[in-house]
Amino acid sequence: MTQARFPHRHLLGIEGLGPEEITTLLDLSDRYVEKNRSADRKVNALRGKTVINLFFENSTRTRTSFELAGKRLGADVINMQVSASSVAKGETLIDTAMTLNAMHIEVLVVRHPDSGAVKLLSEKVNCAVVNAGDGAHEHPTQALLDALTIRRRKGHLDGLTVAICGDVLHSRVARSNIHLLNTMGARVRLVAPRTLLPSQVDRMGVEVYNDMIEGLKDVDIVMMLRLQNERMRGNFIPSIREYFHFFGLDYDKLKVAKPDALIMHPGPMNRGVELDSDLADDVERSVIREQVEMGVAVRMACLQVLTENLSGGAA
Amino acid sequence: MSVRAPGLVAYVNARLLDPASGLDAKGGLLTDGEKIVEVGAGLFSTGVPDGAEVIDCAGACLAPGLVDMRVQLREPGEEHKESLRSAGEAAVAGGVTSMVCLPNTQPAIDDVATVEFVARRARQIGLAKVYPYAAATKGLAGAEMSEIGLLSKAGALAFTDGTRAIRDAQVMRRALAYAATFGVLIVQHPEEPSLAGGGAMNEGELSTRLGLAGIPAAAEAIMLERDLRLVELTGGRYHAAHVSTAEAVALIRRAKDRGLPVTCDTAPPYFALNELAVSEYRTFAKLSPPLRSESDRQAIVAGLRDGVIDTIASDHAPQDQDSKRLPFAQAETGGVGLETLLPVTLELYHNGHLTLLQAIGKLSFAPARLLGLPAGQLQAGAAADLLLFDPDHPWRITPEDFRSKSKNSPFDGRPVQGRVLRTVVDGRTVFSAEV
């Protein structure tokens, strides 16, 4: 049973998960991809269960993806959008958790602008908690959907070379992907100006490059990150045009990657900033829309295993 | 002055000085067009090649043209003080064949167009070669990084806010880290502005007697110490300009011993003068950083001797009369230096602190290597940028004779030894002394 192979109450991050656990989630996700593509998409695995999407940060795609995942599984899904800046955060967070906990729900999907906030919340509730992104810490379902996209295209993850490019400093997607790809035996490179690389990131088992041509040489996968202007305090790069010139992905820089290298982006894209617009739409190279499709399947898999664990444990 | 490079030119009977190879010997040098083709002690022993123009050096020293890594050009924006042409003429009269200019023009050199303007104008003038530094922060305002990558590709040699310190620690940290992305150097004016602000001279007994607000030596050490920690944090390459204090020399010595990618230069006033030069409120000796105490001066000499100070630059800062004929506190800082760089530096040789080869090395090969310039060497294949000089010829510095538009020299009237006889850029003689 999946229950035995994914023995966790919450999904707070990729760090700490083993290859079997990740494979369990990916295998189940694969089945949901096929199901989602069929005429009869609805399943009843979560019928009668309640999922709350608790978002302290604006999000359209991730929230919609979780909402759809919950609904396809037959759950009752409620969206709560909370402004994180309005009140003193720690207090609001715990108060909100206590309130929701009293309502007997099964899964809480949480996004929060502060790293560690989702874990803090998970300690106060009886339900399962899924981290939908906390600060610059982790975004585990994004890493899983990226892995699923790669695995379906390349057949495997181990032995691949993946370049994660751009604003690593502010990126939870990068951190989750580094953990996942390393765990699954891929080689991870980071390519960024030094102002957008966090301190001692080389200790996370990655190779660090400051030059796109060197960093993209012979890679299988190019993951572009969104330049997170909204999280930047001060001046990390001189200008957008300089950033695109040296670190934006275009056909020219892509030439040094393997001929069948795939381009990924977690979205939403800044066209012409980190990624050439034509390249983003190139169906031969870009799997960006496929990533969105995989997102729903991965989130269905996660919701399912966590609710199964819950009913098993709580009985 | 010839415009086109001649064919073969044979420099015979020279004392060759090549700091890159350590060569100091009698010999000859052959150029063809813009390049050096042969150099050596035994050259021309079997005669000069047919058709070559012969220049008899008559035993004078033939060295690589000087590379001056800190010059303020004032063009664009303040051409009444200096222009690219007048600075070019002053440079070649002083034996300087390459100069690196600060971005503190008006407008500041902080975009690709201005970098290209300066390079193009200097090429048209055809005197000393000009390499621009670009601003480290936009408009030299100290807040936002300039386009370091694009500017570097356009030819900016390194990045600095010129005569201003990069004050904000976070801005400096990011500038160092970002510049390291492209392997380029950040050049700092190491002075804590909040301590230097309002000060007119070195702080101490003399400033007290003169009733002038002082700038403590600690202003240099504090900024430098902070920067060295940021270098350690970021791994960025850092160069401290015109160091003037004993404490600065000690800090850089320690940083180098620890292997940090740090270099520094000083300028002739800081090893040839001390704060006494500003007595009687001589505004021509008002410099930035200020002339320091005698013990600081001695420490600068010692730093040059033991190699902690990598290079010597003129710190050429032209100011017109109106900027200097003011009460001391109101007068502008800076002194012209292109035409006194060689003879004042040669004092270190005449006083036994440096060998002639070492002195020339600090003025040519060392700055060229530090900045990655193809200059400063007497080598087959290198550009024929040459300096012929008599190291012993005595004369008195008379600013009225300067080619520079501005005459604000702190060395006015100083007796010196060492005279430029001929300056050659890309094989063309661009200056020769009247005999």
# chains A, B, ... in the order shown; residues from 1 in each chain; ligands from 1
call {"tool": "select_by_dssp", "arguments": {"residues": "segment 150-329 of chain B", "states": "strand (DSSP E)", "output": "compact mmCIF listing (two decimals) with C-alpha atoms, in the first residue's frame"}}
result
# COMPACT_ATOMS: atom_id res chain seq x y z
CA PHE B 159 34.53 49.77 -11.69
CA THR B 160 34.80 52.58 -9.21
CA LEU B 185 37.82 44.57 -10.32
CA ILE B 186 36.25 47.11 -7.96
CA VAL B 187 38.42 50.13 -7.20
CA GLN B 188 37.63 51.99 -4.00
CA MET B 201 43.47 68.27 5.78
CA ASN B 202 45.01 65.56 7.89
CA GLY B 214 40.75 67.48 10.05
CA ILE B 215 40.26 64.11 8.40
CA ARG B 237 38.65 41.46 -6.46
CA TYR B 238 39.35 44.76 -4.75
CA HIS B 239 41.81 47.56 -5.29
CA ALA B 240 42.35 50.37 -2.81
CA VAL B 262 43.44 42.70 -2.79
CA THR B 263 45.82 45.24 -4.34
CA CYS B 264 46.55 48.92 -3.83
CA ASP B 265 48.32 51.91 -5.27
CA THR B 266 49.62 55.17 -3.98
CA THR B 311 51.63 50.36 -8.17
CA ILE B 312 52.12 54.10 -8.35
call {"tool": "residues_around", "arguments": {"residues": "Gly183 of chain B", "least_positions_apart": "3", "cutoff": "8 Å", "atoms": "only C-alpha atoms", "output": "count of residues only"}}
result
4
call {"tool": "interface_residues", "arguments": {"of": "chain B", "to": "chain A", "cutoff": "12 Å", "atoms": "only C-alpha atoms", "output": "JSON, numbers by chain"}}
result
{"B": [110, 111, 112, 135, 136, 137, 138, 142, 143, 144, 145, 146, 147, 148, 149, 150, 151, 152, 153, 168, 170, 171, 172, 173, 174, 175, 176, 177, 178, 179, 180, 181, 182, 183, 233, 234, 235, 236]}
call {"tool": "residues_around", "arguments": {"residues": "segment 91-103 of chain A", "least_positions_apart": "3", "cutoff": "12 Å", "atoms": "only C-alpha atoms", "output": "PyMOL selection string"}}
result
chain A and resi 49-56+78+80-88+106-114+116-129
call {"tool": "write_last_selection", "arguments": {"atoms": "C-alpha atoms", "output": "short mmCIF file (atom, residue, chain, number, x, y, z; two decimals), in the first residue's frame"}}
result
data_model
loop_
_atom_site.label_atom_id
_atom_site.label_comp_id
_atom_site.auth_asym_id
_atom_site.auth_seq_id
_atom_site.Cartn_x
_atom_site.Cartn_y
_atom_site.Cartn_z
CA LYS A 49 -13.21 14.95 3.09
CA THR A 50 -12.46 18.64 3.38
CA VAL A 51 -9.43 20.40 1.92
CA ILE A 52 -8.75 24.02 2.74
CA ASN A 53 -6.40 26.07 0.61
CA LEU A 54 -5.01 28.61 3.05
CA PHE A 55 -2.99 31.15 1.11
CA PHE A 56 -1.19 33.99 2.83
CA ILE A 78 -12.53 25.76 0.31
CA MET A 80 -9.07 31.08 2.04
CA GLN A 81 -7.00 34.02 0.97
CA VAL A 82 -5.45 35.86 3.92
CA SER A 83 -3.40 38.98 3.67
CA ALA A 84 -0.17 38.27 5.48
CA SER A 85 0.78 41.88 5.93
CA SER A 86 -2.41 43.06 7.61
CA VAL A 87 -1.85 41.72 11.12
CA ALA A 88 1.05 40.63 13.30
CA GLU A 106 -8.59 16.57 6.59
CA VAL A 107 -6.03 18.58 4.65
CA LEU A 108 -4.73 22.07 4.93
CA VAL A 109 -2.81 23.35 1.93
CA VAL A 110 -0.75 26.34 3.03
CA ARG A 111 1.27 28.98 1.30
CA HIS A 112 3.04 31.63 3.32
CA PRO A 113 5.63 34.32 2.54
CA ASP A 114 7.76 33.39 5.57
CA GLY A 116 9.14 27.94 8.24
CA ALA A 117 5.61 29.29 8.70
CA VAL A 118 3.96 26.17 7.27
CA LYS A 119 5.88 23.92 9.63
CA LEU A 120 4.92 26.12 12.58
CA LEU A 121 1.28 25.83 11.56
CA SER A 122 1.51 22.06 11.11
CA GLU A 123 2.51 21.71 14.75
CA LYS A 124 -0.80 23.17 15.87
CA VAL A 125 -3.28 21.06 13.91
CA ASN A 126 -4.52 17.48 13.75
CA CYS A 127 -5.04 17.41 9.99
CA ALA A 128 -2.50 16.83 7.25
CA VAL A 129 -0.63 19.87 6.01
#
call {"tool": "select_by_dssp", "arguments": {"residues": "segment 38-143 of chain B", "states": "helix (DSSP H, G or I)", "output": "VMD selection string"}}
result
chain B and resid 84 to 93 112 to 125 138 to 140
call {"tool": "atom_distance", "arguments": {"atom1": "atom CA of Gln72 of chain B", "atom2": "atom CA of Glu275 of chain B"}}
result
22.8 Å
call {"tool": "residues_around", "arguments": {"residues": "Leu341 of chain B", "least_positions_apart": "5", "cutoff": "7 Å", "atoms": "only C-alpha atoms", "output": "list in words"}}
result
Gly94, Pro268 and Ser314 of chain B
call {"tool": "residues_around", "arguments": {"residues": "segment 421-423 of chain B", "least_positions_apart": "4", "cutoff": "12 Å", "atoms": "only C-alpha atoms", "output": "ChimeraX atom specification"}}
result
/B:1,11,55-66,88-98,127-128,342,384-393,427-435
call {"tool": "atom_distance", "arguments": {"atom1": "atom CA of Gly33 of chain B", "atom2": "atom CA of Val9 of chain B"}}
result
8.2 Å
call {"tool": "residues_around", "arguments": {"residues": "segment 31-45 of chain A", "least_positions_apart": "6", "cutoff": "6 Å", "atoms": "only C-alpha atoms", "output": "VMD selection string"}}
result
chain A and resid 72 to 74 297
call {"tool": "write_last_selection", "arguments": {"atoms": "all heavy atoms", "output": "mmCIF file, in the first residue's frame"}}
result
data_model
loop_
_atom_site.group_PDB
_atom_site.id
_atom_site.type_symbol
_atom_site.label_atom_id
_atom_site.label_comp_id
_atom_site.auth_asym_id
_atom_site.auth_seq_id
_atom_site.Cartn_x
_atom_site.Cartn_y
_atom_site.Cartn_z
ATOM 1 N N ARG A 72 -11.293 16.893 -8.142
ATOM 2 C CA ARG A 72 -11.262 15.669 -8.954
ATOM 3 C C ARG A 72 -11.262 14.426 -8.077
ATOM 4 O O ARG A 72 -11.700 13.366 -8.497
ATOM 5 C CB ARG A 72 -10.018 15.671 -9.852
ATOM 6 C CG ARG A 72 -10.086 16.742 -10.930
ATOM 7 C CD ARG A 72 -9.818 16.211 -12.311
ATOM 8 N NE ARG A 72 -10.091 17.239 -13.297
ATOM 9 C CZ ARG A 72 -9.158 17.791 -14.069
ATOM 10 N NH1 ARG A 72 -7.905 17.402 -13.969
ATOM 11 N NH2 ARG A 72 -9.492 18.703 -14.950
ATOM 12 N N LEU A 73 -10.739 14.585 -6.849
ATOM 13 C CA LEU A 73 -10.732 13.447 -5.929
ATOM 14 C C LEU A 73 -12.040 13.363 -5.139
ATOM 15 O O LEU A 73 -12.202 12.496 -4.286
ATOM 16 C CB LEU A 73 -9.557 13.564 -4.955
ATOM 17 C CG LEU A 73 -8.172 13.372 -5.579
ATOM 18 C CD1 LEU A 73 -7.094 13.791 -4.573
ATOM 19 C CD2 LEU A 73 -7.951 11.928 -6.007
ATOM 20 N N GLY A 74 -12.945 14.308 -5.394
ATOM 21 C CA GLY A 74 -14.245 14.251 -4.737
ATOM 22 C C GLY A 74 -14.310 14.971 -3.406
ATOM 23 O O GLY A 74 -15.301 14.871 -2.689
ATOM 24 N N ALA A 297 -1.964 16.417 -11.338
ATOM 25 C CA ALA A 297 -1.814 14.985 -11.037
ATOM 26 C C ALA A 297 -0.988 14.772 -9.766
ATOM 27 O O ALA A 297 -1.329 13.964 -8.892
ATOM 28 C CB ALA A 297 -1.164 14.278 -12.230
#
call {"tool": "atom_distance", "arguments": {"atom1": "atom CA of Met204 of chain A", "atom2": "atom CA of Arg258 of chain B"}}
result
26.5 Å
call {"tool": "closest_residue", "arguments": {"among": "B:Gly381, B:Pro367, B:Pro132, B:Pro343", "to": "Arg414 of chain B", "atoms": "only C-alpha atoms"}}
result
B:Pro343
